[in-house]
Amino acid sequence: MSPPQPSYVIVGAGVFGTSTALHLITRFPDASVTLIDRDAPDAAFRVAASWDWNKVVRADYRDPVYCRLALEAEDVWRGDALWRPFYRETGIYWISRSGFAHEVLDNYARLGRSTEGLYALPVAEARRRYGGVFDEADYTGVEKVLVNTTSGCADAKGALRAVIEKAIELGVRVVKAEVEALEFAEDGNCVGVRTKEGERHTATHTILSTGAFTPKLLDRVAESTGKNEFLAGDRMVAAGTTTGLAQLDDETAREFAQMPVCIQEIPPERGASNGSLPLTSDNKLKWWGQCIFRNTQTMPSGRQISTPPDHTDYKQWSVPKGLVEDIEFASKATIGKRAQSWNITEHRICWEAVTPSEDFIISPHAACEGLYIATCGSFHGWKFFPIIGKYVVQMLEGKLEPELLKRWAWDRELPDVSKNKVWPRRELRDL
């Protein structure tokens with residue numbers, strides 16, 4: 001008896017899931033590819049971390065592996081007709097006291113990429129750039145500012161919707177449903193999923209691109225099968241951060257029209273970076289905060305797991321005062337006193353799956369055959385949207401390069417999280 005033709009169920013239509021669907025249907029035009037998400041592709045709002053007004057697109061990395069991959073992604077953002085309309089090469093302005101600017105320049109040079117447009121500028125010179133919009137930023141302890149005119153940002157929700165539409169055009173089936181459980185054959189292999197409504201979607205390959213929902217889903221699987229090997233354990237944690245937007249008037253918007261992305265690491269003792277993104281098409285300026293947090297809950301299994309709030313929209317618009325203040329701090333740390341007069345609204349909590357090393361997980365799940373994990377953007381995965389699905393397909397075919405195979409494996413050595421700035425150290429209930 002001949003084996004069944006490969007078929008694919010992908011759970012989660014964010015960056016990892018949508019990119020995987022597009023690359024699968026492009027490589028295998030006759031394959032059955034089903035993309036399942038709790039929100040419709042054209043929903044006004046979605047819970048996916050990938051849904052947003054705009055996101056940073058940069059290749060500014062200390063890690064040469066991610067620098068290389070990000071440069072590959074940037075080439076697609078610039079050159080491909082599907083992606084190009086959503087990308088803006090605004091530049092990036094990175095305030096750090098760690099010597100980051102020279103590390104980025106060195107990585108570009110080692111990778112054989114031009115460093116034209118990249119500068120490690122003394123603070124006094126950097127302040128004058130971009131019309132002085134960051135003149136009042138916090139530069140405490142900073143010697144050089146990285147200015148990379150070849151980085152930028154993208155219309156996140158616009159790109160996400162367009163790529164899903166392209167995948168549908170090529171033959172991907174999109175289903176709006178919440179996945180409740182995995183389905184298994186008698187031999188223990190994963191053969192698909194079951195939705196909350198009881199519908200079964202079967203495939204030879206089931207790929208979980210479920211972001212912050214992943215630990216909770218795998219806890220359910222472990223409880224229903226009696227196999228703790230399914231648990232995420234210490235491999236990942238559901239973590240949240242906050243964004244907020246200010247509506248600028250026309251005169252102020254003209255002044256800030258050419259502003260780049262600003263990433264601010266000062267003061268580093270507060271945790272991860274905060275920063276701002278260039279204006280949206282309707283003249284809104286967005287910040288993200290430095291505080292990264294978890295939401296530990298007791299599961300029906302009795303296990304304590306961080307998970308987004310148990311609500312249809314993750315209560316993403318219910319932002320506590322402490323996180324609103326975190327965004328206000330970001331506005332002052334980047335723009336200075338001027339930002340105090342702006343009314344920052346539309347606060348949102350963005351939930352993501354974070355790993356101890358900040359590496360993705362793109363790997364077969366070790367507990368059974370037929371189940372694969374492709375998630376854990378760790379708050380830096382969005383920029384890889386055009387290419388990450390290519391690497392998921394390589395993983396499915398057993399062709400992933402050794403370095404990535406090791407770094408993205410389900411079972412790998414986990415580092416101490418004490419130096420991981422995006423690892424959540426506070427609880428949402430305490431904020």
# chains A, B, ... in the order shown; residues from 1 in each chain; ligands from 1
$ closest_atom_pairs --of "stretch 142-236 of chain A" --to "stretch 382-387 of chain A" --cutoff "10 Å" --atoms "only C-alpha atoms" --output "tab-separated table"
residue	atom	partner	partner_atom	distance
A:Gly152	CA	A:Lys383	CA	9.9
A:Cys153	CA	A:Lys383	CA	8.5
A:Ala154	CA	A:Lys383	CA	8.5
A:Ala156	CA	A:Trp382	CA	8.6
A:Ala159	CA	A:Phe385	CA	9.2
A:Leu160	CA	A:Phe385	CA	8.8
A:Val163	CA	A:Pro386	CA	9.1
$ closest_residue --among "A:Thr140, A:Ile164, A:Lys196, A:Val261" --to "A:Thr280" --atoms "only C-alpha atoms"
A:Val261
$ residues_around --residues "stretch 19-26 of chain A" --least-positions-apart "4" --cutoff "7 Å" --atoms "only C-alpha atoms" --output "list in words"
Val15, Ala31, Val33, Leu35, Ala167, Leu170, Gly171, Val172, Phe385, Pro386, Ile388, Gly389, Lys390, Val392 and Val393 of chain A
$ residues_around --residues "A:Ser50" --least-positions-apart "6" --cutoff "12 Å" --atoms "only C-alpha atoms" --output "ChimeraX atom specification"
/A:12-19,41,56,154-161,209-212,350-353,375-385
$ write_last_selection --atoms "N, CA and C atoms" --output "CSV table (one decimal), in the first residue's frame"
chain,number,residue,atom,x,y,z
A,12,GLY,N,-2.6,28.5,13.4
A,12,GLY,CA,-2.1,29.9,13.7
A,12,GLY,C,-1.7,30.6,12.4
A,13,ALA,N,-2.4,31.7,12.1
A,13,ALA,CA,-2.2,32.4,10.9
A,13,ALA,C,-1.5,33.7,11.2
A,14,GLY,N,-0.4,33.6,12.0
A,14,GLY,CA,0.5,34.7,12.2
A,14,GLY,C,1.7,34.7,11.2
A,15,VAL,N,2.8,35.2,11.6
A,15,VAL,CA,4.0,35.2,10.7
A,15,VAL,C,4.4,33.8,10.4
A,16,PHE,N,4.6,33.0,11.4
A,16,PHE,CA,5.2,31.7,11.1
A,16,PHE,C,4.2,30.8,10.3
A,17,GLY,N,2.9,30.8,10.7
A,17,GLY,CA,1.9,30.0,10.1
A,17,GLY,C,1.6,30.4,8.7
A,18,THR,N,1.4,31.7,8.5
A,18,THR,CA,1.1,32.3,7.2
A,18,THR,C,2.2,32.1,6.2
A,19,SER,N,3.5,32.4,6.6
A,19,SER,CA,4.6,32.2,5.8
A,19,SER,C,4.8,30.8,5.4
A,41,PRO,N,-9.1,36.3,8.6
A,41,PRO,CA,-8.0,37.1,8.0
A,41,PRO,C,-8.3,38.6,7.9
A,56,VAL,N,9.0,46.6,13.1
A,56,VAL,CA,10.4,46.9,12.7
A,56,VAL,C,10.9,45.9,11.8
A,154,ALA,N,7.4,48.1,8.5
A,154,ALA,CA,6.4,47.6,7.5
A,154,ALA,C,5.0,47.7,8.1
A,155,ASP,N,4.1,47.9,7.2
A,155,ASP,CA,2.6,47.9,7.6
A,155,ASP,C,2.3,46.4,8.0
A,156,ALA,N,2.2,46.1,9.3
A,156,ALA,CA,2.1,44.8,9.7
A,156,ALA,C,0.8,44.1,9.4
A,157,LYS,N,-0.3,44.8,9.7
A,157,LYS,CA,-1.6,44.1,9.4
A,157,LYS,C,-1.9,44.1,7.9
A,158,GLY,N,-1.4,45.1,7.2
A,158,GLY,CA,-1.6,45.1,5.7
A,158,GLY,C,-0.9,44.0,5.1
A,159,ALA,N,0.4,43.7,5.5
A,159,ALA,CA,1.2,42.7,4.9
A,159,ALA,C,0.6,41.3,5.3
A,160,LEU,N,0.2,41.2,6.5
A,160,LEU,CA,-0.4,39.9,7.0
A,160,LEU,C,-1.6,39.5,6.2
A,161,ARG,N,-2.5,40.5,6.0
A,161,ARG,CA,-3.7,40.2,5.2
A,161,ARG,C,-3.4,39.9,3.7
A,209,SER,N,1.8,26.7,14.9
A,209,SER,CA,2.4,28.1,14.9
A,209,SER,C,1.5,28.9,15.7
A,210,THR,N,1.4,28.5,17.0
A,210,THR,CA,0.4,29.0,17.9
A,210,THR,C,0.9,30.1,18.9
A,211,GLY,N,2.1,30.5,18.7
A,211,GLY,CA,2.6,31.6,19.6
A,211,GLY,C,2.4,31.4,21.0
A,212,ALA,N,1.9,32.4,21.7
A,212,ALA,CA,1.7,32.4,23.2
A,212,ALA,C,0.7,31.4,23.6
A,350,CYS,N,0.5,42.9,23.6
A,350,CYS,CA,0.9,42.0,22.6
A,350,CYS,C,1.5,40.7,23.2
A,351,TRP,N,0.9,39.6,23.0
A,351,TRP,CA,1.4,38.3,23.6
A,351,TRP,C,2.2,37.5,22.6
A,352,GLU,N,3.3,37.0,23.1
A,352,GLU,CA,4.3,36.3,22.2
A,352,GLU,C,4.8,35.1,23.0
A,353,ALA,N,5.4,34.1,22.3
A,353,ALA,CA,6.1,33.0,22.9
A,353,ALA,C,7.6,33.3,22.8
A,375,THR,N,7.3,28.2,15.8
A,375,THR,CA,6.8,29.4,16.6
A,375,THR,C,7.9,30.0,17.4
A,376,CYS,N,7.5,30.8,18.4
A,376,CYS,CA,8.5,31.4,19.3
A,376,CYS,C,9.3,32.5,18.7
A,377,GLY,N,8.6,33.5,18.2
A,377,GLY,CA,9.3,34.7,17.6
A,377,GLY,C,10.1,35.5,18.6
A,378,SER,N,9.8,35.3,19.9
A,378,SER,CA,10.7,35.9,21.0
A,378,SER,C,10.8,37.4,20.8
A,379,PHE,N,9.7,38.1,20.3
A,379,PHE,CA,9.7,39.5,20.1
A,379,PHE,C,10.7,40.0,19.1
A,380,HIS,N,11.2,39.2,18.2
A,380,HIS,CA,12.0,39.7,17.1
A,380,HIS,C,11.8,38.9,15.8
A,381,GLY,N,10.7,38.1,15.8
A,381,GLY,CA,10.5,37.2,14.6
A,381,GLY,C,9.8,37.8,13.4
A,382,TRP,N,9.1,39.0,13.6
A,382,TRP,CA,8.2,39.5,12.6
A,382,TRP,C,8.9,39.8,11.3
A,383,LYS,N,10.1,40.4,11.4
A,383,LYS,CA,10.8,40.8,10.2
A,383,LYS,C,11.1,39.7,9.2
A,384,PHE,N,11.1,38.5,9.8
A,384,PHE,CA,11.5,37.3,8.9
A,384,PHE,C,10.3,36.8,8.2
A,385,PHE,N,9.2,37.5,8.2
A,385,PHE,CA,7.9,37.0,7.6
A,385,PHE,C,8.1,36.5,6.2
$ closest_atom_pairs --of "stretch 286-366 of chain A" --to "stretch 416-431 of chain A" --cutoff "10 Å" --atoms "only C-alpha atoms" --output "tab-separated table"
residue	atom	partner	partner_atom	distance
A:Gln290	CA	A:Val422	CA	8.7
A:Cys291	CA	A:Pro424	CA	8.0
A:Ile292	CA	A:Pro424	CA	4.9
A:Phe293	CA	A:Pro424	CA	4.4
A:Arg294	CA	A:Glu427	CA	5.0
A:Asn295	CA	A:Leu428	CA	5.4
A:Thr296	CA	A:Glu427	CA	7.1
A:Ser306	CA	A:Glu427	CA	9.1
A:Pro308	CA	A:Leu428	CA	9.8
A:Pro309	CA	A:Leu428	CA	9.8
A:Val319	CA	A:Leu431	CA	9.2
A:Pro320	CA	A:Leu431	CA	6.3
A:Lys321	CA	A:Leu431	CA	7.2
A:Gly322	CA	A:Leu431	CA	5.1
A:Leu323	CA	A:Leu431	CA	6.8
A:Val324	CA	A:Leu431	CA	9.8
A:Ala353	CA	A:Trp423	CA	9.9
A:Val354	CA	A:Trp423	CA	6.9
A:Thr355	CA	A:Trp423	CA	7.7
A:Pro356	CA	A:Val417	CA	5.4
A:Ser357	CA	A:Asn420	CA	7.1
A:Glu358	CA	A:Asn420	CA	7.7
$ write_last_selection --atoms "all heavy atoms" --output "compact mmCIF listing (two decimals), in the first residue's frame"
# COMPACT_ATOMS: atom_id res chain seq x y z
N GLN A 290 9.19 48.78 27.87
CA GLN A 290 10.30 47.93 28.29
C GLN A 290 9.86 46.76 29.18
O GLN A 290 10.58 45.78 29.30
CB GLN A 290 11.34 48.74 29.08
CG GLN A 290 12.34 49.47 28.19
CD GLN A 290 13.34 50.26 29.01
OE1 GLN A 290 12.98 51.26 29.60
NE2 GLN A 290 14.58 49.82 29.04
N CYS A 291 8.71 46.88 29.79
CA CYS A 291 8.27 45.86 30.75
C CYS A 291 7.71 44.65 30.02
O CYS A 291 6.75 44.77 29.25
CB CYS A 291 7.22 46.44 31.69
SG CYS A 291 6.66 45.27 32.93
N ILE A 292 8.32 43.50 30.25
CA ILE A 292 7.84 42.24 29.69
C ILE A 292 7.39 41.36 30.86
O ILE A 292 8.11 41.21 31.85
CB ILE A 292 8.91 41.56 28.83
CG1 ILE A 292 9.22 42.47 27.63
CG2 ILE A 292 8.47 40.19 28.36
CD1 ILE A 292 10.30 41.95 26.70
N PHE A 293 6.21 40.76 30.72
CA PHE A 293 5.57 40.12 31.87
C PHE A 293 4.92 38.80 31.45
O PHE A 293 4.76 38.51 30.26
CB PHE A 293 4.51 41.07 32.46
CG PHE A 293 3.61 41.68 31.41
CD1 PHE A 293 2.44 41.06 31.02
CD2 PHE A 293 3.97 42.87 30.78
CE1 PHE A 293 1.63 41.61 30.04
CE2 PHE A 293 3.17 43.43 29.79
CZ PHE A 293 2.00 42.79 29.42
N ARG A 294 4.56 38.01 32.45
CA ARG A 294 3.86 36.75 32.21
C ARG A 294 2.49 36.82 32.87
O ARG A 294 2.17 37.76 33.60
CB ARG A 294 4.67 35.57 32.74
CG ARG A 294 4.90 35.60 34.25
CD ARG A 294 5.69 34.37 34.69
NE ARG A 294 7.09 34.43 34.27
CZ ARG A 294 7.84 33.37 34.02
NH1 ARG A 294 7.31 32.15 34.10
NH2 ARG A 294 9.10 33.49 33.66
N ASN A 295 1.67 35.80 32.62
CA ASN A 295 0.34 35.72 33.21
C ASN A 295 0.13 34.28 33.67
O ASN A 295 -0.52 33.48 33.01
CB ASN A 295 -0.73 36.15 32.20
CG ASN A 295 -2.13 36.15 32.79
OD1 ASN A 295 -2.34 36.66 33.87
ND2 ASN A 295 -3.07 35.55 32.08
N THR A 296 0.71 33.94 34.82
CA THR A 296 0.69 32.57 35.31
C THR A 296 -0.70 32.20 35.81
O THR A 296 -1.29 32.91 36.62
CB THR A 296 1.72 32.39 36.43
OG1 THR A 296 3.01 32.76 35.92
CG2 THR A 296 1.76 30.94 36.88
N SER A 306 2.12 30.14 32.22
CA SER A 306 1.83 31.48 31.73
C SER A 306 1.07 31.35 30.42
O SER A 306 1.46 30.60 29.51
CB SER A 306 3.11 32.28 31.50
OG SER A 306 2.79 33.56 30.96
N PRO A 308 -1.94 33.78 27.78
CA PRO A 308 -2.74 34.99 27.64
C PRO A 308 -4.07 34.84 28.39
O PRO A 308 -4.55 33.72 28.61
CB PRO A 308 -2.97 35.09 26.13
CG PRO A 308 -1.85 34.33 25.52
CD PRO A 308 -1.57 33.21 26.47
N PRO A 309 -4.67 35.95 28.81
CA PRO A 309 -5.96 35.87 29.51
C PRO A 309 -6.99 35.05 28.74
O PRO A 309 -7.03 35.09 27.49
CB PRO A 309 -6.38 37.33 29.63
CG PRO A 309 -5.09 38.08 29.66
CD PRO A 309 -4.18 37.33 28.73
N VAL A 319 -5.51 47.41 29.47
CA VAL A 319 -4.11 47.64 29.84
C VAL A 319 -4.06 48.33 31.20
O VAL A 319 -4.58 49.43 31.37
CB VAL A 319 -3.40 48.49 28.78
CG1 VAL A 319 -1.94 48.73 29.15
CG2 VAL A 319 -3.50 47.82 27.42
N PRO A 320 -3.43 47.71 32.20
CA PRO A 320 -3.37 48.30 33.54
C PRO A 320 -2.49 49.55 33.58
O PRO A 320 -1.65 49.78 32.71
CB PRO A 320 -2.78 47.19 34.40
CG PRO A 320 -2.07 46.29 33.47
CD PRO A 320 -2.80 46.38 32.16
N LYS A 321 -2.69 50.32 34.64
CA LYS A 321 -2.02 51.62 34.78
C LYS A 321 -0.51 51.50 34.70
O LYS A 321 0.17 52.34 34.08
CB LYS A 321 -2.43 52.26 36.11
CG LYS A 321 -1.82 53.63 36.35
CD LYS A 321 -2.24 54.21 37.69
CE LYS A 321 -1.58 55.56 37.93
NZ LYS A 321 -1.95 56.13 39.25
N GLY A 322 0.06 50.46 35.33
CA GLY A 322 1.52 50.32 35.33
C GLY A 322 2.09 50.19 33.93
O GLY A 322 3.20 50.66 33.66
N LEU A 323 1.34 49.57 33.03
CA LEU A 323 1.82 49.41 31.65
C LEU A 323 1.57 50.66 30.82
O LEU A 323 2.34 50.96 29.90
CB LEU A 323 1.16 48.18 31.02
CG LEU A 323 1.54 46.86 31.70
CD1 LEU A 323 0.78 45.70 31.08
CD2 LEU A 323 3.05 46.61 31.60
N VAL A 324 0.50 51.38 31.12
CA VAL A 324 0.29 52.69 30.48
C VAL A 324 1.46 53.61 30.82
O VAL A 324 2.00 54.32 29.96
CB VAL A 324 -1.05 53.30 30.93
CG1 VAL A 324 -1.16 54.76 30.48
CG2 VAL A 324 -2.22 52.48 30.39
N ALA A 353 5.36 34.12 22.28
CA ALA A 353 6.08 33.00 22.89
C ALA A 353 7.56 33.30 22.83
O ALA A 353 8.11 33.61 21.76
CB ALA A 353 5.77 31.70 22.15
N VAL A 354 8.21 33.21 23.99
CA VAL A 354 9.63 33.57 24.13
C VAL A 354 10.41 32.34 24.60
O VAL A 354 9.95 31.61 25.48
CB VAL A 354 9.81 34.72 25.15
CG1 VAL A 354 11.28 35.03 25.39
CG2 VAL A 354 9.08 35.97 24.67
N THR A 355 11.59 32.13 24.03
CA THR A 355 12.45 31.03 24.46
C THR A 355 13.61 31.57 25.30
O THR A 355 13.95 32.76 25.19
CB THR A 355 13.03 30.25 23.27
OG1 THR A 355 13.91 31.12 22.53
CG2 THR A 355 11.93 29.73 22.36
N PRO A 356 14.23 30.73 26.12
CA PRO A 356 15.34 31.20 26.96
C PRO A 356 16.50 31.80 26.17
O PRO A 356 17.18 32.70 26.65
CB PRO A 356 15.78 29.94 27.71
CG PRO A 356 14.54 29.10 27.78
CD PRO A 356 13.84 29.34 26.47
N SER A 357 16.74 31.30 24.95
CA SER A 357 17.85 31.78 24.13
C SER A 357 17.43 32.84 23.13
O SER A 357 18.28 33.39 22.41
CB SER A 357 18.49 30.62 23.38
OG SER A 357 17.55 30.06 22.48
N GLU A 358 16.13 33.13 23.04
CA GLU A 358 15.53 34.00 22.02
C GLU A 358 15.59 33.39 20.62
O GLU A 358 15.30 34.06 19.63
CB GLU A 358 16.15 35.40 22.02
CG GLU A 358 15.98 36.15 23.33
CD GLU A 358 16.61 37.51 23.32
OE1 GLU A 358 16.29 38.32 22.43
OE2 GLU A 358 17.46 37.78 24.20
$ atom_distance --atom1 "atom CA of A:Ile361" --atom2 "atom CA of A:Asn148"
28.6 Å
$ select_by_dssp --residues "stretch 116-264 of chain A" --states "helix (DSSP H, G or I)" --output "PyMOL selection string"
chain A and resi 123-127+129-132+156-170+211-225+228-230+233-235+250-255
$ write_last_selection --atoms "N, CA and C atoms" --output "short mmCIF file (atom, residue, chain, number, x, y, z; two decimals), in the first residue's frame"
data_model
loop_
_atom_site.label_atom_id
_atom_site.label_comp_id
_atom_site.auth_asym_id
_atom_site.auth_seq_id
_atom_site.Cartn_x
_atom_site.Cartn_y
_atom_site.Cartn_z
N VAL A 123 27.32 60.91 20.04
CA VAL A 123 25.98 61.38 20.43
C VAL A 123 25.69 62.78 19.92
N ALA A 124 26.68 63.67 20.02
CA ALA A 124 26.44 65.05 19.59
C ALA A 124 26.05 65.12 18.12
N GLU A 125 26.70 64.30 17.31
CA GLU A 125 26.37 64.29 15.87
C GLU A 125 25.04 63.60 15.62
N ALA A 126 24.79 62.51 16.34
CA ALA A 126 23.54 61.77 16.15
C ALA A 126 22.32 62.63 16.47
N ARG A 127 22.42 63.43 17.51
CA ARG A 127 21.30 64.29 17.91
C ARG A 127 20.80 65.17 16.77
N ARG A 129 20.72 64.46 13.62
CA ARG A 129 20.12 63.70 12.52
C ARG A 129 18.59 63.77 12.57
N TYR A 130 17.98 63.56 11.44
CA TYR A 130 16.52 63.48 11.31
C TYR A 130 15.83 64.72 11.90
N GLY A 131 16.42 65.87 11.64
CA GLY A 131 15.81 67.12 12.09
C GLY A 131 15.83 67.30 13.59
N GLY A 132 16.66 66.53 14.28
CA GLY A 132 16.78 66.67 15.73
C GLY A 132 15.60 66.12 16.51
N ALA A 156 2.21 46.14 9.28
CA ALA A 156 2.11 44.75 9.74
C ALA A 156 0.79 44.10 9.35
N LYS A 157 -0.32 44.75 9.70
CA LYS A 157 -1.61 44.12 9.42
C LYS A 157 -1.90 44.09 7.92
N GLY A 158 -1.42 45.10 7.19
CA GLY A 158 -1.60 45.10 5.74
C GLY A 158 -0.86 43.96 5.07
N ALA A 159 0.39 43.75 5.49
CA ALA A 159 1.19 42.67 4.92
C ALA A 159 0.60 41.32 5.28
N LEU A 160 0.16 41.16 6.52
CA LEU A 160 -0.39 39.88 6.96
C LEU A 160 -1.63 39.52 6.15
N ARG A 161 -2.50 40.48 5.96
CA ARG A 161 -3.72 40.21 5.20
C ARG A 161 -3.40 39.89 3.73
N ALA A 162 -2.49 40.65 3.15
CA ALA A 162 -2.16 40.44 1.73
C ALA A 162 -1.53 39.08 1.49
N VAL A 163 -0.69 38.63 2.41
CA VAL A 163 -0.02 37.34 2.22
C VAL A 163 -1.02 36.19 2.40
N ILE A 164 -1.95 36.33 3.34
CA ILE A 164 -3.00 35.31 3.47
C ILE A 164 -3.84 35.26 2.20
N GLU A 165 -4.19 36.42 1.67
CA GLU A 165 -4.97 36.46 0.43
C GLU A 165 -4.22 35.79 -0.72
N LYS A 166 -2.91 36.02 -0.80
CA LYS A 166 -2.11 35.38 -1.84
C LYS A 166 -2.09 33.87 -1.65
N ALA A 167 -1.96 33.42 -0.42
CA ALA A 167 -1.96 31.98 -0.14
C ALA A 167 -3.29 31.35 -0.55
N ILE A 168 -4.40 32.04 -0.26
CA ILE A 168 -5.72 31.55 -0.66
C ILE A 168 -5.81 31.47 -2.18
N GLU A 169 -5.33 32.49 -2.84
CA GLU A 169 -5.33 32.52 -4.32
C GLU A 169 -4.59 31.32 -4.90
N LEU A 170 -3.51 30.91 -4.22
CA LEU A 170 -2.70 29.79 -4.72
C LEU A 170 -3.26 28.43 -4.32
N GLY A 211 2.12 30.51 18.75
CA GLY A 211 2.62 31.60 19.56
C GLY A 211 2.41 31.40 21.05
N ALA A 212 1.87 32.44 21.70
CA ALA A 212 1.70 32.43 23.15
C ALA A 212 0.69 31.39 23.63
N PHE A 213 -0.14 30.87 22.72
CA PHE A 213 -1.13 29.85 23.07
C PHE A 213 -0.50 28.45 23.14
N THR A 214 0.71 28.30 22.64
CA THR A 214 1.33 26.98 22.51
C THR A 214 1.46 26.23 23.83
N PRO A 215 2.02 26.84 24.91
CA PRO A 215 2.14 26.07 26.16
C PRO A 215 0.80 25.57 26.69
N LYS A 216 -0.25 26.39 26.57
CA LYS A 216 -1.57 25.98 27.05
C LYS A 216 -2.13 24.84 26.21
N LEU A 217 -1.98 24.93 24.90
CA LEU A 217 -2.47 23.86 24.03
C LEU A 217 -1.75 22.55 24.31
N LEU A 218 -0.43 22.61 24.47
CA LEU A 218 0.34 21.39 24.72
C LEU A 218 0.04 20.83 26.12
N ASP A 219 -0.32 21.69 27.06
CA ASP A 219 -0.74 21.19 28.37
C ASP A 219 -2.02 20.37 28.23
N ARG A 220 -2.95 20.84 27.43
CA ARG A 220 -4.18 20.08 27.17
C ARG A 220 -3.87 18.72 26.55
N VAL A 221 -2.94 18.73 25.58
CA VAL A 221 -2.58 17.49 24.91
C VAL A 221 -1.96 16.50 25.90
N ALA A 222 -1.06 17.01 26.74
CA ALA A 222 -0.43 16.15 27.74
C ALA A 222 -1.47 15.57 28.70
N GLU A 223 -2.43 16.39 29.09
CA GLU A 223 -3.46 15.92 30.03
C GLU A 223 -4.36 14.87 29.37
N SER A 224 -4.74 15.08 28.11
CA SER A 224 -5.66 14.16 27.45
C SER A 224 -4.99 12.84 27.06
N THR A 225 -3.69 12.88 26.79
CA THR A 225 -2.97 11.66 26.37
C THR A 225 -2.27 10.96 27.52
N ASN A 228 3.42 13.39 29.41
CA ASN A 228 4.02 14.69 29.73
C ASN A 228 5.10 15.10 28.74
N GLU A 229 5.48 14.18 27.86
CA GLU A 229 6.48 14.53 26.84
C GLU A 229 5.97 15.64 25.90
N PHE A 230 4.65 15.84 25.86
CA PHE A 230 4.10 16.89 25.00
C PHE A 230 4.31 18.29 25.59
N GLY A 233 7.17 22.80 28.84
CA GLY A 233 8.16 22.87 29.92
C GLY A 233 8.87 24.21 29.95
N ASP A 234 10.20 24.16 30.09
CA ASP A 234 11.00 25.39 30.15
C ASP A 234 11.43 25.87 28.78
N ARG A 235 10.93 25.24 27.72
CA ARG A 235 11.37 25.62 26.37
C ARG A 235 10.85 26.98 25.93
N ASP A 250 -1.55 67.82 12.22
CA ASP A 250 -0.93 67.90 10.89
C ASP A 250 0.43 68.59 10.94
N GLU A 251 0.53 69.66 11.71
CA GLU A 251 1.80 70.40 11.77
C GLU A 251 2.90 69.55 12.40
N THR A 252 2.59 68.89 13.51
CA THR A 252 3.58 68.04 14.17
C THR A 252 3.93 66.84 13.29
N ALA A 253 2.93 66.30 12.61
CA ALA A 253 3.17 65.16 11.73
C ALA A 253 4.14 65.51 10.61
N ARG A 254 4.05 66.71 10.08
CA ARG A 254 4.99 67.12 9.02
C ARG A 254 6.42 67.17 9.57
N GLU A 255 6.56 67.61 10.81
CA GLU A 255 7.88 67.69 11.43
C GLU A 255 8.48 66.30 11.65
#
$ select_by_dssp --residues "stretch 104-273 of chain A" --states "strand (DSSP E or B)" --output "PyMOL selection string"
chain A and resi 118-122+144-148+152-155+173-176+179-184+190-195+200-202+205-208+237-247+261-264
$ write_last_selection --atoms "C-alpha atoms" --output "mmCIF file, in the first residue's frame"
data_model
loop_
_atom_site.group_PDB
_atom_site.id
_atom_site.type_symbol
_atom_site.label_atom_id
_atom_site.label_comp_id
_atom_site.auth_asym_id
_atom_site.auth_seq_id
_atom_site.Cartn_x
_atom_site.Cartn_y
_atom_site.Cartn_z
ATOM 1 C CA LEU A 118 25.538 52.401 8.445
ATOM 2 C CA TYR A 119 27.140 54.764 10.934
ATOM 3 C CA ALA A 120 28.403 54.638 14.513
ATOM 4 C CA LEU A 121 27.920 58.289 15.388
ATOM 5 C CA PRO A 122 29.027 60.249 18.458
ATOM 6 C CA LYS A 144 27.960 55.969 19.914
ATOM 7 C CA VAL A 145 24.525 55.755 18.305
ATOM 8 C CA LEU A 146 23.888 53.266 15.501
ATOM 9 C CA VAL A 147 22.240 54.882 12.480
ATOM 10 C CA ASN A 148 21.367 52.380 9.756
ATOM 11 C CA GLY A 152 12.981 50.337 8.267
ATOM 12 C CA CYS A 153 9.479 49.185 9.108
ATOM 13 C CA ALA A 154 6.427 47.616 7.500
ATOM 14 C CA ASP A 155 2.648 47.860 7.609
ATOM 15 C CA ARG A 173 -7.770 26.640 2.533
ATOM 16 C CA VAL A 174 -8.319 29.046 5.438
ATOM 17 C CA VAL A 175 -10.570 28.062 8.344
ATOM 18 C CA LYS A 176 -11.755 30.354 11.150
ATOM 19 C CA VAL A 179 -8.312 24.499 17.932
ATOM 20 C CA GLU A 180 -9.231 22.577 21.068
ATOM 21 C CA ALA A 181 -7.141 19.399 20.754
ATOM 22 C CA LEU A 182 -4.884 17.280 18.573
ATOM 23 C CA GLU A 183 -6.062 14.091 16.874
ATOM 24 C CA PHE A 184 -4.053 10.867 17.043
ATOM 25 C CA CYS A 190 -0.599 12.981 15.203
ATOM 26 C CA VAL A 191 -3.080 13.080 12.322
ATOM 27 C CA GLY A 192 -4.646 16.522 12.698
ATOM 28 C CA VAL A 193 -6.672 18.724 15.020
ATOM 29 C CA ARG A 194 -10.145 19.067 16.492
ATOM 30 C CA THR A 195 -11.757 22.489 16.838
ATOM 31 C CA ARG A 200 -11.784 17.444 12.634
ATOM 32 C CA HIS A 201 -9.107 18.559 10.181
ATOM 33 C CA THR A 202 -6.712 15.767 9.285
ATOM 34 C CA HIS A 205 1.710 16.949 8.931
ATOM 35 C CA THR A 206 0.283 19.088 11.754
ATOM 36 C CA ILE A 207 2.221 22.307 12.365
ATOM 37 C CA LEU A 208 1.643 24.397 15.465
ATOM 38 C CA VAL A 237 6.937 31.035 28.034
ATOM 39 C CA ALA A 238 3.939 33.161 27.046
ATOM 40 C CA ALA A 239 4.998 36.767 27.564
ATOM 41 C CA GLY A 240 3.376 40.137 27.020
ATOM 42 C CA THR A 241 4.497 43.647 26.255
ATOM 43 C CA THR A 242 2.593 46.870 25.637
ATOM 44 C CA THR A 243 2.212 49.323 22.777
ATOM 45 C CA GLY A 244 0.494 52.702 22.589
ATOM 46 C CA LEU A 245 -0.228 55.291 19.916
ATOM 47 C CA ALA A 246 -0.445 59.088 19.883
ATOM 48 C CA GLN A 247 -2.421 60.926 17.208
ATOM 49 C CA VAL A 261 12.593 53.660 13.947
ATOM 50 C CA CYS A 262 14.126 54.491 17.327
ATOM 51 C CA ILE A 263 15.287 51.705 19.640
ATOM 52 C CA GLN A 264 16.212 52.911 23.103
#
